[in-house]
file query01.txt (compact mmCIF, C-alpha atoms)
# COMPACT_ATOMS: atom_id res chain seq x y z
CA MET B 1 42.36 8.75 41.59
CA GLY B 2 38.75 9.73 42.24
CA CYS B 3 36.32 10.52 39.49
CA MET B 4 36.13 14.12 38.45
CA ASP B 5 32.79 15.66 39.26
CA PRO B 6 30.87 16.49 36.11
CA ILE B 7 31.13 20.17 35.25
CA SER B 8 27.92 21.97 36.09
CA PRO B 9 26.03 23.77 33.31
CA LEU B 10 26.95 26.99 35.11
CA GLU B 11 30.67 26.24 34.90
CA GLN B 12 30.32 25.07 31.29
CA ALA B 13 28.68 28.37 30.38
CA LEU B 14 31.42 30.35 32.13
CA HIS B 15 34.22 28.31 30.51
CA ALA B 16 32.59 28.74 27.11
CA ALA B 17 32.18 32.50 27.60
CA ARG B 18 35.80 32.83 28.66
CA ALA B 19 37.02 30.84 25.64
CA LEU B 20 34.88 32.81 23.17
CA VAL B 21 35.99 36.20 24.45
CA LEU B 22 39.64 35.11 24.57
CA ALA B 23 39.37 33.92 20.95
CA ASP B 24 38.13 37.36 19.93
CA LEU B 25 40.91 39.07 21.88
CA VAL B 26 43.50 36.85 20.17
CA ALA B 27 41.96 37.67 16.78
CA GLY B 28 42.33 41.37 17.60
CA GLU B 29 45.87 40.77 18.85
CA VAL B 30 45.10 42.30 22.22
CA ALA B 31 45.35 39.18 24.39
CA GLU B 32 48.15 40.46 26.63
CA ALA B 33 48.33 39.12 30.17
CA ASP B 34 46.64 42.15 31.74
CA VAL B 35 43.82 41.90 29.19
CA VAL B 36 43.37 38.21 29.93
CA SER B 37 43.03 39.15 33.61
CA LEU B 38 40.16 41.49 32.62
CA VAL B 39 38.43 38.42 31.15
CA GLU B 40 39.03 36.49 34.36
CA ASP B 41 37.58 39.36 36.40
CA ALA B 42 34.50 39.48 34.19
CA VAL B 43 33.99 35.72 34.50
CA VAL B 44 34.27 35.89 38.29
CA GLN B 45 31.69 38.68 38.45
CA ARG B 46 29.32 36.87 36.08
CA ARG B 47 29.65 33.64 38.06
CA TRP B 48 27.91 35.36 40.97
CA TRP B 49 25.28 36.76 38.60
CA VAL B 50 24.49 33.35 37.09
CA GLU B 51 24.38 31.73 40.50
CA GLN B 52 21.59 34.19 41.35
CA TRP B 53 19.82 33.65 38.03
CA PRO B 54 20.67 30.21 36.56
CA GLN B 55 18.40 30.77 33.55
CA GLY B 56 20.85 33.46 32.49
CA ALA B 57 23.60 30.93 31.72
CA ALA B 58 22.87 31.19 27.97
CA PHE B 59 23.52 34.93 28.13
CA VAL B 60 26.92 34.80 29.83
CA ALA B 61 29.09 34.93 26.69
CA GLY B 62 27.53 38.18 25.52
CA LEU B 63 27.72 39.69 28.99
CA VAL B 64 31.38 38.75 29.50
CA ALA B 65 32.16 40.20 26.05
CA GLN B 66 30.45 43.47 27.02
CA ASP B 67 32.20 43.53 30.41
CA VAL B 68 35.61 43.08 28.77
CA GLN B 69 34.76 45.65 26.12
CA ASP B 70 33.87 48.18 28.84
CA ALA B 71 37.03 47.39 30.83
CA LEU B 72 39.19 47.76 27.71
CA LEU B 73 37.57 51.10 26.87
CA ASP B 74 38.79 52.46 30.20
CA ARG B 75 42.37 51.26 29.66
CA TYR B 76 43.07 50.94 25.97
CA GLY B 77 40.28 52.42 23.92
CA ARG B 78 37.63 50.91 21.71
CA TRP B 79 37.59 47.18 21.04
CA PRO B 80 36.86 45.39 18.82
CA LEU B 81 37.23 47.90 16.02
CA CYS B 82 34.85 47.43 13.12
CA PRO B 83 36.49 45.47 10.26
CA VAL B 84 33.61 46.27 7.88
CA CYS B 85 33.74 50.05 7.58
CA GLY B 86 36.94 51.00 5.78
CA SER B 87 36.41 54.74 6.01
CA GLY B 88 35.35 57.24 8.62
CA ASP B 89 36.20 57.24 12.29
CA PRO B 90 37.27 53.91 13.74
CA HIS B 91 34.43 52.60 15.84
CA ALA B 92 33.82 49.58 17.99
CA LEU B 93 31.39 46.79 17.33
CA ASP B 94 28.53 46.22 19.78
CA VAL B 95 27.24 42.97 21.24
CA GLU B 96 23.67 42.05 20.34
CA PRO B 97 21.47 40.98 21.89
CA GLU B 98 22.66 42.72 25.06
CA LEU B 99 20.90 40.07 27.09
CA GLY B 100 20.15 36.97 25.08
CA PRO B 101 21.56 33.75 23.67
CA ASP B 102 23.81 33.52 20.59
CA PRO B 103 25.47 36.95 20.93
CA HIS B 104 26.97 38.60 17.85
CA TRP B 105 29.30 41.52 17.21
CA VAL B 106 27.31 44.07 15.22
CA CYS B 107 28.27 47.25 13.39
CA HIS B 108 25.50 49.78 13.91
CA LYS B 109 26.90 52.15 11.26
CA ALA B 110 26.67 49.55 8.51
CA GLY B 111 23.76 47.74 10.13
CA VAL B 112 25.41 44.34 9.78
CA LYS B 113 26.21 41.37 11.95
CA VAL B 114 29.97 40.97 11.72
CA ALA B 115 30.54 37.71 13.60
CA SER B 116 29.34 35.60 16.47
CA VAL B 117 31.10 36.31 19.75
CA GLY B 118 34.15 34.03 19.58
CA SER B 119 34.38 34.18 15.75
CA LEU B 120 35.95 37.59 15.15
CA GLY B 121 39.04 35.93 13.69
CA SER B 122 37.07 34.66 10.72
CA ALA B 123 35.49 38.08 10.19
CA THR B 124 38.79 39.95 10.27
CA GLY B 125 40.66 37.32 8.26
CA ARG B 126 43.03 36.68 11.15
CA LYS B 127 43.35 33.12 12.30
CA ALA B 128 44.66 32.39 15.77
CA SER B 129 48.17 31.02 15.27
CA SER B 130 48.73 27.70 16.98

call {"tool": "encode", "arguments": {"input": "query01.txt", "output": "structure tokens"}}
result
Amino acid sequence: MGCMDPISPLEQALHAARALVLADLVAGEVAEADVVSLVEDAVVQRRWWVEQWPQGAAFVAGLVAQDVQDALLDRYGRWPLCPVCGSGDPHALDVEPELGPDPHWVCHKAGVKVASVGSLGSATGRKASS
């Protein structure tokens, strides 16, 4: 058996982004197979983007989260719904910064950071069941 090539920083960033967004989808109980394929599509598209701009690797998780959020809006409606605001119209959280490292889900109505991308389960009190 030959040695595995070390995973490039690009691939590490893409794997991490995929895992973080999937964790949030599981927390929201929307990780059906067709939704997971939306994540895969977003990762494929962002792979090309990061290949063109390697310095953007730190921003991939937030971008994949936004891509999946946009794709879900077309098919299912808003995601992830804000767990902070108990009243009023249900509204989705936004990713901030839109292009930057350490992305968070933010509620603009309440003006609060809800959770890091990948940590929605802790914010909503739902743990991923193993």

call {"tool": "closest_residue", "arguments": {"input": "query01.txt", "among": "B:Leu10, B:Val117, B:Leu81, B:Val68", "to": "Trp53 (chain B)", "atoms": "all atoms listed in the file"}}
result
B:Leu10

call {"tool": "closest_residue", "arguments": {"input": "query01.txt", "among": "B:Ala19, B:Ile7, B:Ala27, B:Leu99", "to": "Leu120 (chain B)", "atoms": "only C-alpha atoms"}}
result
B:Ala27

call {"tool": "residues_around", "arguments": {"input": "query01.txt", "residues": "Gly56 (chain B)", "least_positions_apart": "2", "cutoff": "10 Å", "atoms": "all atoms listed in the file", "output": "list of chain:residue names"}}
result
B:Leu10, B:Ala13, B:Arg46, B:Trp49, B:Val50, B:Glu51, B:Gln52, B:Trp53, B:Pro54, B:Ala58, B:Phe59, B:Val60, B:Leu63, B:Leu99, B:Gly100, B:Pro101

call {"tool": "residues_around", "arguments": {"input": "query01.txt", "residues": "Val21 (chain B)", "least_positions_apart": "3", "cutoff": "9 Å", "atoms": "only C-alpha atoms", "output": "PyMOL selection string"}}
result
chain B and resi 16-18+24-26+39+61-62+64-65+68+117-118

call {"tool": "residues_around", "arguments": {"input": "query01.txt", "residues": "Cys85 (chain B)", "least_positions_apart": "4", "cutoff": "12 Å", "atoms": "all atoms listed in the file", "output": "ChimeraX atom specification"}}
result
/B:81,89-93,106-112,114,124

call {"tool": "write_last_selection", "arguments": {"input": "query01.txt", "atoms": "C-alpha atoms", "output": "mmCIF file, keeping the file's coordinate frame"}}
result
data_model
loop_
_atom_site.group_PDB
_atom_site.id
_atom_site.type_symbol
_atom_site.label_atom_id
_atom_site.label_comp_id
_atom_site.auth_asym_id
_atom_site.auth_seq_id
_atom_site.Cartn_x
_atom_site.Cartn_y
_atom_site.Cartn_z
ATOM 1 C CA LEU B 81 37.230 47.900 16.020
ATOM 2 C CA ASP B 89 36.200 57.240 12.290
ATOM 3 C CA PRO B 90 37.270 53.910 13.740
ATOM 4 C CA HIS B 91 34.430 52.600 15.840
ATOM 5 C CA ALA B 92 33.820 49.580 17.990
ATOM 6 C CA LEU B 93 31.390 46.790 17.330
ATOM 7 C CA VAL B 106 27.310 44.070 15.220
ATOM 8 C CA CYS B 107 28.270 47.250 13.390
ATOM 9 C CA HIS B 108 25.500 49.780 13.910
ATOM 10 C CA LYS B 109 26.900 52.150 11.260
ATOM 11 C CA ALA B 110 26.670 49.550 8.510
ATOM 12 C CA GLY B 111 23.760 47.740 10.130
ATOM 13 C CA VAL B 112 25.410 44.340 9.780
ATOM 14 C CA VAL B 114 29.970 40.970 11.720
ATOM 15 C CA THR B 124 38.790 39.950 10.270
#
